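Have a look at my_file.txt; it's compact mmCIF, C-alpha atoms:
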```
# COMPACT_ATOMS: atom_id res chain seq x y z
CA MET A 1082 81.17 -109.67 -49.79
CA ASP A 1083 82.98 -111.52 -47.03
CA ALA A 1084 83.64 -108.20 -45.38
CA SER A 1085 80.11 -108.31 -44.04
CA SER A 1086 81.00 -111.00 -41.52
CA LYS A 1087 83.72 -108.76 -40.05
CA VAL A 1088 81.48 -105.76 -39.58
CA PRO A 1089 80.09 -105.39 -36.06
CA PHE A 1090 76.33 -105.10 -35.82
CA GLU A 1091 76.36 -101.55 -34.60
CA PRO A 1092 73.18 -99.49 -34.88
CA PRO A 1093 73.41 -97.07 -37.77
CA SER A 1094 73.05 -93.44 -37.05
CA VAL A 1095 70.13 -92.30 -39.12
CA GLY A 1096 71.52 -90.30 -41.97
CA VAL A 1097 75.12 -89.80 -43.00
CA PRO A 1098 77.34 -86.72 -42.70
CA ALA A 1099 75.73 -83.84 -44.55
CA ALA A 1100 78.62 -83.53 -47.00
CA LEU A 1101 78.12 -87.12 -48.12
CA ALA A 1102 74.35 -87.43 -47.89
CA PRO A 1103 72.94 -87.93 -51.39
CA PRO A 1104 69.92 -85.97 -52.56
CA MET A 1105 67.06 -88.41 -52.01
CA ARG A 1106 65.79 -87.98 -55.56
CA GLU A 1107 69.20 -88.93 -56.91
CA PHE A 1108 69.43 -91.92 -54.58
CA LEU A 1109 65.92 -93.13 -55.48
CA TRP A 1110 66.65 -92.81 -59.19
CA LEU A 1111 69.85 -94.82 -58.78
CA ASN A 1112 67.97 -97.34 -56.67
CA ALA A 1113 65.24 -97.79 -59.29
CA LYS A 1114 67.76 -97.94 -62.12
CA VAL A 1115 70.01 -100.53 -60.48
CA VAL A 1116 67.30 -102.88 -59.18
CA ASN A 1117 64.94 -102.67 -62.16
CA GLY A 1118 67.65 -102.68 -64.78
CA THR A 1119 69.65 -105.67 -63.59
CA PHE A 1120 68.94 -109.32 -64.40
CA GLY A 1121 70.23 -112.08 -62.18
CA GLY A 1122 68.64 -111.33 -58.82
CA GLY A 1123 70.03 -110.37 -55.45
CA SER A 1124 73.72 -111.24 -55.69
CA THR A 1125 74.16 -109.49 -59.03
CA ILE A 1126 72.23 -106.42 -57.90
CA LEU A 1127 74.15 -106.18 -54.62
CA GLY A 1128 77.38 -106.30 -56.59
CA VAL A 1129 76.20 -103.38 -58.75
CA PHE A 1130 75.14 -101.47 -55.62
CA GLN A 1131 78.56 -101.96 -54.05
CA ARG A 1132 80.16 -100.41 -57.11
CA GLU A 1133 77.68 -97.53 -57.39
CA LEU A 1134 77.17 -96.63 -53.70
CA VAL A 1135 80.66 -97.25 -52.34
CA GLU A 1136 83.19 -97.04 -55.17
CA ARG A 1137 81.69 -94.55 -57.63
CA ARG A 1138 79.64 -92.19 -55.44
CA GLY A 1139 81.02 -92.66 -51.95
CA TRP A 1140 77.55 -92.43 -50.39
CA LEU A 1141 78.36 -95.42 -48.15
CA THR A 1142 81.63 -96.57 -46.65
CA ALA A 1143 82.63 -100.18 -47.18
CA GLU A 1144 81.69 -100.88 -43.56
CA GLN A 1145 78.25 -99.29 -43.89
CA TYR A 1146 77.66 -101.27 -47.07
CA GLY A 1147 78.81 -104.43 -45.27
CA LEU A 1148 76.38 -103.83 -42.42
CA CYS A 1149 73.44 -103.26 -44.78
CA PHE A 1150 74.49 -106.35 -46.73
CA ALA A 1151 74.62 -108.47 -43.56
CA VAL A 1152 71.21 -107.25 -42.46
CA SER A 1153 69.73 -108.00 -45.89
CA ARG A 1154 70.93 -111.61 -45.59
CA ILE A 1155 69.19 -112.24 -42.29
CA THR A 1156 65.98 -110.31 -42.94
CA PRO A 1157 63.14 -112.60 -44.02
CA GLY A 1158 61.88 -112.21 -47.58
CA THR A 1159 63.75 -110.82 -50.55
CA SER A 1160 67.24 -109.75 -49.56
CA ILE A 1161 67.62 -106.99 -52.14
CA LEU A 1162 64.49 -105.20 -50.88
CA ALA A 1163 65.76 -105.46 -47.30
CA PHE A 1164 69.06 -104.00 -48.48
CA CYS A 1165 67.22 -101.07 -50.11
CA ALA A 1166 65.21 -100.53 -46.91
CA ALA A 1167 68.37 -100.52 -44.79
CA VAL A 1168 70.23 -98.08 -47.08
CA GLY A 1169 67.16 -95.85 -47.48
CA TRP A 1170 66.80 -95.76 -43.70
CA ARG A 1171 70.41 -94.70 -43.27
CA PHE A 1172 69.85 -91.78 -45.63
CA ASP A 1173 66.39 -90.59 -44.60
CA GLY A 1174 64.89 -92.67 -41.79
CA TRP A 1175 61.63 -94.54 -42.35
CA ARG A 1176 60.65 -92.25 -45.23
CA GLY A 1177 63.84 -93.20 -47.02
CA ALA A 1178 63.28 -96.90 -46.32
CA VAL A 1179 59.74 -96.90 -47.70
CA LEU A 1180 60.63 -94.83 -50.77
CA ALA A 1181 63.68 -96.96 -51.52
CA MET A 1182 61.62 -100.17 -51.36
CA ALA A 1183 58.92 -98.67 -53.57
CA ALA A 1184 61.43 -97.44 -56.14
CA ALA A 1185 63.02 -100.88 -56.20
CA ALA A 1186 59.90 -103.05 -56.40
CA ILE A 1187 57.07 -101.22 -58.16
CA PRO A 1188 58.54 -100.83 -61.69
CA CYS A 1189 59.68 -104.45 -62.00
CA ALA A 1190 56.39 -105.71 -60.52
CA GLY A 1191 54.66 -103.77 -63.31
CA ILE A 1192 56.93 -105.42 -65.87
CA ALA A 1193 56.11 -108.85 -64.42
CA VAL A 1194 52.36 -108.19 -64.67
CA GLY A 1195 52.83 -106.95 -68.24
CA MET A 1196 54.61 -110.20 -69.09
CA LEU A 1197 51.77 -112.17 -67.49
CA LEU A 1198 49.23 -110.32 -69.67
CA ALA A 1199 51.31 -111.15 -72.75
CA TYR A 1200 51.37 -114.75 -71.55
CA GLU A 1201 47.58 -114.83 -71.28
CA GLU A 1202 47.34 -113.57 -74.90
CA LEU A 1203 49.88 -116.01 -76.28
CA LYS A 1204 49.25 -119.21 -74.34
CA GLY A 1205 46.73 -120.55 -76.88
CA LEU A 1206 49.31 -120.59 -79.66
CA ALA A 1207 50.91 -123.99 -80.28
CA TRP A 1208 54.47 -122.70 -80.70
CA PHE A 1209 54.19 -120.64 -77.52
CA ALA A 1210 52.91 -123.65 -75.55
CA ILE A 1211 55.92 -125.68 -76.69
CA ALA A 1212 58.34 -122.88 -75.81
CA LEU A 1213 56.67 -122.46 -72.43
CA ARG A 1214 57.11 -126.17 -71.69
CA GLY A 1215 60.82 -125.71 -72.30
CA ALA A 1216 60.92 -122.69 -70.02
CA MET A 1217 58.99 -124.54 -67.30
CA ALA A 1218 61.37 -127.48 -67.47
CA ALA A 1219 64.23 -125.03 -67.09
CA ALA A 1220 62.47 -123.52 -64.05
CA ILE A 1221 62.90 -126.84 -62.22
CA GLY A 1222 66.61 -126.60 -62.99
CA VAL A 1223 66.60 -122.99 -61.81
CA MET A 1224 65.13 -123.97 -58.43
CA LEU A 1225 67.64 -126.77 -57.89
CA ALA A 1226 70.53 -124.56 -59.01
CA ALA A 1227 69.41 -121.83 -56.60
CA GLY A 1228 69.42 -124.41 -53.80
CA TRP A 1229 72.87 -125.58 -54.85
CA SER A 1230 74.16 -122.01 -54.84
CA ILE A 1231 72.64 -121.18 -51.43
CA MET A 1232 74.19 -124.31 -49.91
CA GLN A 1233 77.76 -123.64 -51.03
CA PRO A 1234 78.95 -121.73 -47.92
CA TYR A 1235 77.21 -124.24 -45.65
CA TRP A 1236 79.20 -127.28 -46.82
CA LYS A 1237 82.44 -125.65 -45.69
CA GLY A 1238 83.99 -125.80 -42.23
CA GLY A 1239 83.27 -128.13 -39.37
CA ASP A 1240 79.51 -127.66 -39.61
CA GLY A 1241 79.12 -129.17 -43.10
CA PRO A 1242 77.80 -132.56 -41.88
CA ARG A 1243 75.39 -130.83 -39.51
CA HIS A 1244 73.98 -128.76 -42.38
CA ALA A 1245 73.72 -131.87 -44.57
CA ILE A 1246 71.62 -133.53 -41.85
CA ILE A 1247 69.33 -130.49 -41.57
CA LEU A 1248 68.96 -130.45 -45.37
CA LEU A 1249 68.07 -134.14 -45.59
CA ALA A 1250 65.76 -133.96 -42.57
CA SER A 1251 63.79 -131.09 -44.09
CA ILE A 1252 63.39 -133.00 -47.38
CA VAL A 1253 62.20 -136.11 -45.54
CA LEU A 1254 59.82 -134.13 -43.32
CA MET A 1255 58.21 -132.48 -46.34
CA MET A 1256 58.16 -135.38 -48.81
CA GLY A 1257 57.93 -138.33 -46.43
CA VAL A 1258 56.05 -137.06 -43.37
CA ARG A 1259 54.20 -134.39 -45.46
CA LEU A 1260 54.69 -131.76 -42.78
CA SER A 1261 53.90 -128.16 -43.83
CA PRO A 1262 56.91 -125.89 -44.58
CA LEU A 1263 56.42 -123.54 -41.65
CA PRO A 1264 56.71 -126.17 -38.87
CA ILE A 1265 59.76 -127.57 -40.64
CA LEU A 1266 61.42 -124.14 -40.62
CA GLY A 1267 60.41 -123.71 -36.97
CA LEU A 1268 61.97 -127.06 -36.06
CA ALA A 1269 65.14 -126.10 -37.93
CA ALA A 1270 65.35 -122.78 -36.07
CA LEU A 1271 64.82 -124.54 -32.76
CA ALA A 1272 67.49 -127.12 -33.54
CA GLY A 1273 69.91 -124.40 -34.59
CA PHE A 1274 69.23 -122.39 -31.46
CA LEU A 1275 69.46 -125.30 -29.00
CA LEU A 1276 72.49 -126.87 -30.70
CA PRO A 1277 74.62 -123.93 -31.86
CA GLU A 1278 77.26 -124.37 -34.52
CA ARG A 1279 80.83 -124.92 -33.50
CA ALA A 1280 82.10 -122.28 -35.92
CA GLY A 1281 79.05 -120.13 -35.29
CA ARG A 1282 79.74 -117.62 -38.00
CA GLY A 1283 80.46 -117.09 -41.62
CA ALA A 1284 77.99 -119.02 -43.72
CA GLY A 1285 75.32 -117.11 -45.43
CA GLU A 1286 76.17 -113.73 -44.09
CA MET B 567 39.91 -115.36 -53.62
CA ASN B 568 39.68 -112.77 -50.84
CA VAL B 569 42.55 -110.36 -51.40
CA PHE B 570 43.32 -109.81 -47.73
CA LEU B 571 43.50 -113.56 -47.13
CA LEU B 572 45.71 -113.83 -50.21
CA TYR B 573 48.00 -111.12 -48.80
CA LEU B 574 48.24 -112.97 -45.48
CA LEU B 575 49.02 -116.28 -47.18
CA LEU B 576 51.65 -114.68 -49.41
CA LEU B 577 53.07 -112.82 -46.42
CA LYS B 578 53.30 -116.12 -44.57
CA ALA B 579 55.41 -117.37 -47.48
CA THR B 580 57.67 -114.31 -47.79
CA ILE B 581 58.21 -113.82 -44.07
CA SER B 582 59.25 -117.43 -43.54
CA ALA B 583 61.81 -117.41 -46.36
CA PHE B 584 65.31 -116.02 -46.63
CA SER B 585 65.66 -115.86 -50.41
CA GLY B 586 63.39 -115.29 -53.39
CA MET B 587 63.05 -118.92 -54.40
CA THR B 588 62.50 -120.34 -50.93
CA VAL B 589 59.03 -118.75 -50.72
CA ILE B 590 57.80 -121.32 -53.25
CA PRO B 591 57.26 -124.29 -50.88
CA VAL B 592 54.94 -122.31 -48.59
CA MET B 593 53.12 -120.69 -51.54
CA ARG B 594 52.52 -124.09 -53.13
CA ASP B 595 51.38 -125.59 -49.84
CA GLU B 596 48.88 -122.79 -49.19
CA LEU B 597 47.66 -121.77 -52.65
CA VAL B 598 47.91 -124.99 -54.67
CA VAL B 599 47.45 -127.77 -52.12
CA LYS B 600 45.22 -126.23 -49.42
CA HIS B 601 43.22 -123.42 -51.08
CA HIS B 602 43.31 -124.53 -54.75
CA ALA B 603 43.61 -120.86 -55.72
CA ILE B 604 46.16 -121.58 -58.46
CA THR B 605 47.45 -124.67 -60.26
CA ASP B 606 50.94 -126.14 -60.33
CA GLU B 607 51.17 -125.01 -63.95
CA GLN B 608 50.38 -121.41 -62.97
CA LEU B 609 52.93 -121.56 -60.16
CA ASN B 610 55.52 -122.80 -62.61
CA THR B 611 54.60 -120.05 -65.08
CA ALA B 612 54.94 -117.52 -62.26
CA ILE B 613 58.44 -118.80 -61.56
CA VAL B 614 59.40 -118.54 -65.23
CA ILE B 615 58.09 -114.99 -65.56
CA GLY B 616 59.47 -113.93 -62.20
CA ARG B 617 62.91 -115.17 -63.20
CA SER B 618 62.70 -113.58 -66.64
CA THR B 619 61.99 -110.12 -65.27
CA PRO B 620 64.73 -107.77 -64.12
CA GLY B 621 64.75 -106.99 -60.42
CA PRO B 622 64.54 -108.97 -57.21
CA ASN B 623 64.21 -112.77 -57.24
CA GLY B 624 60.87 -112.74 -55.44
CA LEU B 625 58.76 -111.30 -58.27
CA HIS B 626 56.99 -114.63 -58.75
CA VAL B 627 55.03 -113.67 -55.62
CA VAL B 628 53.45 -110.81 -57.62
CA CYS B 629 52.71 -113.21 -60.49
CA VAL B 630 51.14 -115.75 -58.14
CA GLY B 631 48.98 -112.99 -56.66
CA PHE B 632 47.87 -112.02 -60.18
CA PHE B 633 46.95 -115.61 -61.03
CA ALA B 634 44.97 -115.96 -57.79
CA ALA B 635 43.06 -112.64 -57.86
CA GLY B 636 43.96 -110.46 -60.87
CA TYR B 637 45.32 -106.94 -60.37
CA PRO B 638 44.30 -106.69 -56.67
CA GLY B 639 46.10 -110.01 -56.18
CA ALA B 640 49.22 -108.64 -57.86
CA LEU B 641 49.08 -105.68 -55.47
CA ALA B 642 48.70 -108.09 -52.54
CA GLY B 643 51.75 -109.95 -53.84
CA LEU B 644 53.74 -106.72 -54.08
CA LEU B 645 52.81 -105.76 -50.52
CA ALA B 646 53.67 -109.26 -49.28
CA LEU B 647 57.05 -108.84 -50.94
CA LEU B 648 57.68 -105.44 -49.36
CA THR B 649 56.39 -106.09 -45.84
CA PRO B 650 59.20 -108.36 -44.58
CA ALA B 651 61.84 -106.05 -46.08
CA ALA B 652 60.70 -103.32 -43.71
CA LEU B 653 61.87 -105.59 -40.90
CA ALA B 654 65.45 -104.76 -41.92
CA VAL B 655 65.36 -101.63 -39.77
CA PRO B 656 64.30 -103.22 -36.45
CA ILE B 657 66.63 -106.12 -37.20
CA LEU B 658 69.53 -103.65 -37.26
CA ARG B 659 68.67 -102.73 -33.68
CA LEU B 660 67.98 -106.31 -32.60
CA LEU B 661 71.33 -107.42 -33.96
CA HIS B 662 73.06 -104.78 -31.94
CA ALA B 663 71.45 -106.14 -28.79
CA HIS B 664 72.45 -109.73 -29.69
CA ARG B 665 75.60 -109.12 -31.67
CA GLU B 666 77.43 -111.91 -29.90
CA GLY B 667 74.46 -114.22 -30.37
CA ARG B 668 75.98 -117.46 -31.61
CA ARG B 669 72.69 -119.29 -31.05
CA MET B 670 70.71 -116.75 -33.07
CA ARG B 671 73.17 -116.94 -35.97
CA SER B 672 73.10 -120.71 -35.78
CA ALA B 673 69.28 -120.75 -35.83
CA ILE B 674 69.24 -118.52 -38.93
CA HIS B 675 71.72 -120.79 -40.70
CA ALA B 676 69.57 -123.84 -39.88
CA VAL B 677 66.49 -122.10 -41.32
CA VAL B 678 68.33 -121.21 -44.53
CA VAL B 679 69.54 -124.79 -44.97
CA ALA B 680 66.08 -126.21 -44.23
CA SER B 681 64.66 -123.78 -46.80
CA VAL B 682 66.87 -125.37 -49.43
CA GLY B 683 65.53 -128.80 -48.43
CA LEU B 684 62.01 -127.47 -48.91
CA MET B 685 63.00 -126.11 -52.34
CA VAL B 686 64.24 -129.54 -53.40
CA ALA B 687 61.01 -131.19 -52.21
CA THR B 688 58.94 -128.53 -53.99
CA ALA B 689 60.90 -128.90 -57.22
CA TYR B 690 60.05 -132.60 -57.05
CA GLY B 691 56.35 -131.75 -56.62
CA LEU B 692 56.39 -129.29 -59.52
CA SER B 693 58.19 -131.76 -61.77
CA ALA B 694 54.97 -133.79 -62.07
CA SER B 695 53.45 -131.05 -64.24
CA ALA B 696 56.63 -129.61 -65.78
CA LEU B 697 58.66 -132.72 -66.63
CA THR B 698 56.18 -134.87 -68.52
CA THR B 699 58.42 -135.98 -71.40
CA PRO B 700 62.02 -137.17 -71.77
CA ALA B 701 62.74 -133.96 -73.71
CA ALA B 702 61.57 -131.86 -70.76
CA TRP B 703 63.76 -133.90 -68.39
CA GLY B 704 66.69 -133.33 -70.72
CA VAL B 705 66.09 -129.60 -70.88
CA ALA B 706 65.79 -129.39 -67.08
CA ALA B 707 69.01 -131.37 -66.59
CA VAL B 708 70.96 -129.22 -69.06
CA ALA B 709 69.58 -126.03 -67.49
CA LEU B 710 70.64 -127.24 -64.04
CA ALA B 711 74.12 -128.17 -65.27
CA VAL B 712 74.61 -124.83 -67.04
CA LEU B 713 73.43 -122.81 -64.05
CA VAL B 714 75.59 -124.73 -61.59
CA THR B 715 78.75 -124.64 -63.68
CA SER B 716 78.60 -121.16 -65.20
CA ARG B 717 77.66 -117.60 -64.37
CA ILE B 718 75.24 -117.23 -67.28
CA ASP B 719 72.22 -115.15 -66.33
CA THR B 720 69.09 -117.17 -65.55
CA VAL B 721 67.01 -115.32 -68.10
CA TRP B 722 69.24 -116.53 -70.95
CA VAL B 723 69.05 -120.12 -69.72
CA ILE B 724 65.24 -119.97 -69.62
CA ALA B 725 65.12 -118.37 -73.08
CA ALA B 726 67.52 -120.98 -74.46
CA ALA B 727 65.38 -123.77 -72.94
CA ALA B 728 62.27 -122.38 -74.65
CA LEU B 729 64.10 -122.13 -77.98
CA ALA B 730 65.59 -125.61 -77.56
CA MET B 731 62.14 -127.11 -77.05
CA LEU B 732 60.85 -125.29 -80.15
CA ALA B 733 63.85 -126.47 -82.16
CA LEU B 734 63.30 -130.08 -81.00
CA SER B 735 59.67 -129.96 -82.05
CA TRP B 736 60.62 -128.70 -85.53
CA VAL B 737 63.62 -130.96 -86.13
CA LEU B 738 61.99 -134.10 -84.69
CA PRO B 739 58.24 -133.64 -85.26
CA GLY B 740 57.39 -137.08 -83.82
CA LEU B 741 59.18 -136.45 -80.53
CA PRO B 742 56.82 -135.73 -77.62
CA VAL B 743 57.80 -132.39 -76.13
```
Rewrite the structure from the file as structure tokens, please.
Amino acid sequence: MDASSKVPFEPPSVGVPAALAPPMREFLWLNAKVVNGTFGGGSTILGVFQRELVERRGWLTAEQYGLCFAVSRITPGTSILAFCAAVGWRFDGWRGAVLAMAAAAIPCAGIAVGMLLAYEELKGLAWFAIALRGAMAAAIGVMLAAGWSIMQPYWKGGDGPRHAIILLASIVLMMGVRLSPLPILGLAALAGFLLPERAGRGAGE
Amino acid sequence: MNVFLLYLLLLKATISAFSGMTVIPVMRDELVVKHHAITDEQLNTAIVIGRSTPGPNGLHVVCVGFFAAGYPGALAGLLALLTPAALAVPILRLLHAHREGRRMRSAIHAVVVASVGLMVATAYGLSASALTTPAAWGVAAVALAVLVTSRIDTVWVIAAAALAMLALSWVLPGLPV
């Protein structure tokens, strides 16, 4: 994954050499299968993609994969969908990007709604309510663990203290000052832009 | 709730976040605190279901949309999830123009770190409805420890937490769970 930070941000040429270009149907099927069949979220899915797209099928070079990976990390929203859009675009322009996102998101969104419907049916049952309380308690742990995981690259290097200050400031601004999230993110972006990191690269990409 | 407004509010959350879980602070601020479209309990349920479903981390946005406005809301959530991803293509071009942009990279890092701060603050807010008993606190603490120290998939941790709470209620019937 670290390879992404070494890949220059060159614009991709739309499409890949004809000999390597996958049939779109095959790519979309792989896309749907990998994203909708993998638990564990973005990092796990991107690992599976690396194996399938680069190592097994050779549809992307390691550099192309690294570029799409880097872009997915800095695109707002869900990184795995941005990755699918970037890869789909490489293969078939905007059509490929839209189809790749749809193949990735629609089936699992349907599964999520199905689970919600089951939840609505079951929530009146005492045993289910107890189990759900356990799951909800775990969800708090899940959020904090996700934060812990995201922060890991940011503690390292000379910019660790700077990132700790930004982290604490954002907590204080939300819990103490009760500022809305968006202004806090805006302030963070402004601070980052006006006071650039010494290392300036690496974390989170 | 008006579905287009819901889409815009969910889009505001997804477009200002850089990972699936960091959309939650903005969603809670808009839909729980300001618009009262969903409750904290529903938001927490959405997180549980979103994390228990295969696929991207952001599926709780679809669940939140469903809680706020049924099937049209779920569709609004799906579109709010997909819209920012389409930005990946212009970002490829923008990055080329600013590929030496230390300030831009630094700004993105600061936003990601601040997002984590918002997640911590939001987890604290959600704990008021989710962690109402010592047993729930215990389950949350164990889940956090397991997730931080191992590579076990989230879905198994959530399932184990649900089973643990059931087991506690059967083994110790007097214990508030």
Which polymer residues have any atom within 10 Å of an atom of Leu697 of chain B, counting all atoms listed in the file, with same-chain residues fewer than 2 positions away left out, as a list in words?
->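 Residues near the query, excluding close chain neighbours: Arg1214, Gly1215, Met1217, Ala1218, Ala1219 and Ile1221 of chain A; Tyr690, Leu692, Ser693, Ala694, Ser695, Thr699, Pro700, Ala701, Ala702, Trp703, Gly704, Val705, Ala706 and Val743 of chain B.
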Closest to Leu609 of chain B among B:Gly624, B:Leu660, B:Ala725, B:Val630, using only C-alpha atoms?
-> B:Val630
With all atoms listed in the file as the atoms that count, which of A:Leu1225, A:Ile1155, A:Leu1141, A:Ile1231 lies nearest to Ser582 of chain B?
->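 Closest to Ser582 of chain B, using all atoms listed in the file: A:Ile1155.
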Would you please work out which residue, of B:Gly643, B:Pro650, B:Gly667, B:Gly636, is nearest to chain A when using all atoms listed in the file?
->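 The answer is B:Pro650, which sits nearest to chain A.
Straight-line separation from atom CA of Ile1252 of chain A to atom CA of Leu1162 of chain A: 28.0 Å.
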If you count all atoms listed in the file, which residues fall within 12 Å of Arg1176 of chain A, apart from same-chain ones fewer than 6 positions away, as a PyMOL selection string?
-> (chain A and resi 1095-1096+1105+1109+1166-1170+1182-1183) or (chain B and resi 652+655)
Store the residues of this selection in a file with C-alpha atoms, as a tab-separated table (two decimals), keeping the file's coordinate frame.
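part_20.tsv, written as the output of this step:
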```tsv
chain	number	residue	atom	x	y	z
A	1095	VAL	CA	70.13	-92.30	-39.12
A	1096	GLY	CA	71.52	-90.30	-41.97
A	1105	MET	CA	67.06	-88.41	-52.01
A	1109	LEU	CA	65.92	-93.13	-55.48
A	1166	ALA	CA	65.21	-100.53	-46.91
A	1167	ALA	CA	68.37	-100.52	-44.79
A	1168	VAL	CA	70.23	-98.08	-47.08
A	1169	GLY	CA	67.16	-95.85	-47.48
A	1170	TRP	CA	66.80	-95.76	-43.70
A	1182	MET	CA	61.62	-100.17	-51.36
A	1183	ALA	CA	58.92	-98.67	-53.57
B	652	ALA	CA	60.70	-103.32	-43.71
B	655	VAL	CA	65.36	-101.63	-39.77
```
Considering all atoms listed in the file, state which residue in the set B:Leu645, B:Leu575, B:Ile590, B:Ala707 is at the smallest distance from Ser681 of chain B.
->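 Selected residue with least distance to Ser681 of chain B: B:Ile590.
Nearest to chain B of all the residues A:Ala1250, A:Ala1163, A:Ala1186, A:Lys1237 is A:Ala1163, based on all atoms listed in the file.
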Find the residue from B:Met731, B:Ala603, B:Ile718, B:Ala680 that sits nearest to Ala635 of chain B; use only C-alpha atoms when measuring.
->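 That would be B:Ala603, the residue with the smallest distance to Ala635 of chain B.
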Which residues are near segment 1238-1247 of chain A? Cut-off 8 Å, all atoms listed in the file, ignore same chain within fewer than 3 positions. Put them as a compact mmCIF listing (two decimals) with C-alpha atoms, in the coordinates of the input.
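Generated file (out24.txt):
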```txt
# COMPACT_ATOMS: atom_id res chain seq x y z
CA TYR A 1235 77.21 -124.24 -45.65
CA ALA A 1250 65.76 -133.96 -42.57
CA SER A 1251 63.79 -131.09 -44.09
CA ALA A 1269 65.14 -126.10 -37.93
CA GLU A 1278 77.26 -124.37 -34.52
CA ARG A 1279 80.83 -124.92 -33.50
CA ALA A 1280 82.10 -122.28 -35.92
CA ALA B 676 69.57 -123.84 -39.88
CA VAL B 679 69.54 -124.79 -44.97
CA ALA B 680 66.08 -126.21 -44.23
```
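The interatomic distance for the pair atom CA of Gly1158 of chain A and atom CA of Ala1178 of chain A works out to 15.4 Å.
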Model the absent atoms of segment 1177-1194 of chain A so that N, CA and C atoms are present, and write the result as an mmCIF file, keeping the file's coordinate frame.
```
data_model
loop_
_atom_site.group_PDB
_atom_site.id
_atom_site.type_symbol
_atom_site.label_atom_id
_atom_site.label_comp_id
_atom_site.auth_asym_id
_atom_site.auth_seq_id
_atom_site.Cartn_x
_atom_site.Cartn_y
_atom_site.Cartn_z
ATOM 1 N N GLY A 1177 62.858 -92.710 -46.055
ATOM 2 C CA GLY A 1177 63.840 -93.200 -47.020
ATOM 3 C C GLY A 1177 63.692 -94.686 -47.260
ATOM 4 N N ALA A 1178 63.429 -95.445 -46.179
ATOM 5 C CA ALA A 1178 63.280 -96.900 -46.320
ATOM 6 C C ALA A 1178 62.093 -97.244 -47.201
ATOM 7 N N VAL A 1179 60.960 -96.598 -46.939
ATOM 8 C CA VAL A 1179 59.740 -96.900 -47.700
ATOM 9 C C VAL A 1179 59.909 -96.487 -49.173
ATOM 10 N N LEU A 1180 60.458 -95.297 -49.392
ATOM 11 C CA LEU A 1180 60.630 -94.830 -50.770
ATOM 12 C C LEU A 1180 61.626 -95.703 -51.535
ATOM 13 N N ALA A 1181 62.674 -96.122 -50.856
ATOM 14 C CA ALA A 1181 63.680 -96.960 -51.520
ATOM 15 C C ALA A 1181 63.077 -98.312 -51.916
ATOM 16 N N MET A 1182 62.266 -98.891 -51.021
ATOM 17 C CA MET A 1182 61.620 -100.170 -51.360
ATOM 18 C C MET A 1182 60.658 -99.994 -52.524
ATOM 19 N N ALA A 1183 59.892 -98.903 -52.495
ATOM 20 C CA ALA A 1183 58.920 -98.670 -53.570
ATOM 21 C C ALA A 1183 59.631 -98.477 -54.910
ATOM 22 N N ALA A 1184 60.705 -97.682 -54.899
ATOM 23 C CA ALA A 1184 61.430 -97.440 -56.140
ATOM 24 C C ALA A 1184 62.044 -98.726 -56.684
ATOM 25 N N ALA A 1185 62.391 -99.631 -55.771
ATOM 26 C CA ALA A 1185 63.020 -100.880 -56.200
ATOM 27 C C ALA A 1185 61.996 -101.879 -56.732
ATOM 28 N N ALA A 1186 60.820 -101.931 -56.113
ATOM 29 C CA ALA A 1186 59.900 -103.050 -56.400
ATOM 30 C C ALA A 1186 58.788 -102.723 -57.381
ATOM 31 N N ILE A 1187 58.278 -101.492 -57.373
ATOM 32 C CA ILE A 1187 57.070 -101.220 -58.160
ATOM 33 C C ILE A 1187 57.303 -101.326 -59.672
ATOM 34 N N PRO A 1188 58.375 -100.723 -60.229
ATOM 35 C CA PRO A 1188 58.540 -100.830 -61.690
ATOM 36 C C PRO A 1188 58.671 -102.282 -62.177
ATOM 37 N N CYS A 1189 59.489 -103.082 -61.496
ATOM 38 C CA CYS A 1189 59.680 -104.450 -62.000
ATOM 39 C C CYS A 1189 58.442 -105.312 -61.756
ATOM 40 N N ALA A 1190 57.656 -104.995 -60.711
ATOM 41 C CA ALA A 1190 56.390 -105.710 -60.520
ATOM 42 C C ALA A 1190 55.452 -105.400 -61.686
ATOM 43 N N GLY A 1191 55.468 -104.145 -62.142
ATOM 44 C CA GLY A 1191 54.660 -103.770 -63.310
ATOM 45 C C GLY A 1191 55.098 -104.522 -64.555
ATOM 46 N N ILE A 1192 56.414 -104.669 -64.712
ATOM 47 C CA ILE A 1192 56.930 -105.420 -65.870
ATOM 48 C C ILE A 1192 56.469 -106.877 -65.805
ATOM 49 N N ALA A 1193 56.518 -107.453 -64.586
ATOM 50 C CA ALA A 1193 56.110 -108.850 -64.420
ATOM 51 C C ALA A 1193 54.636 -109.029 -64.782
ATOM 52 N N VAL A 1194 53.784 -108.096 -64.341
ATOM 53 C CA VAL A 1194 52.360 -108.190 -64.670
ATOM 54 C C VAL A 1194 52.154 -108.027 -66.173
#
```
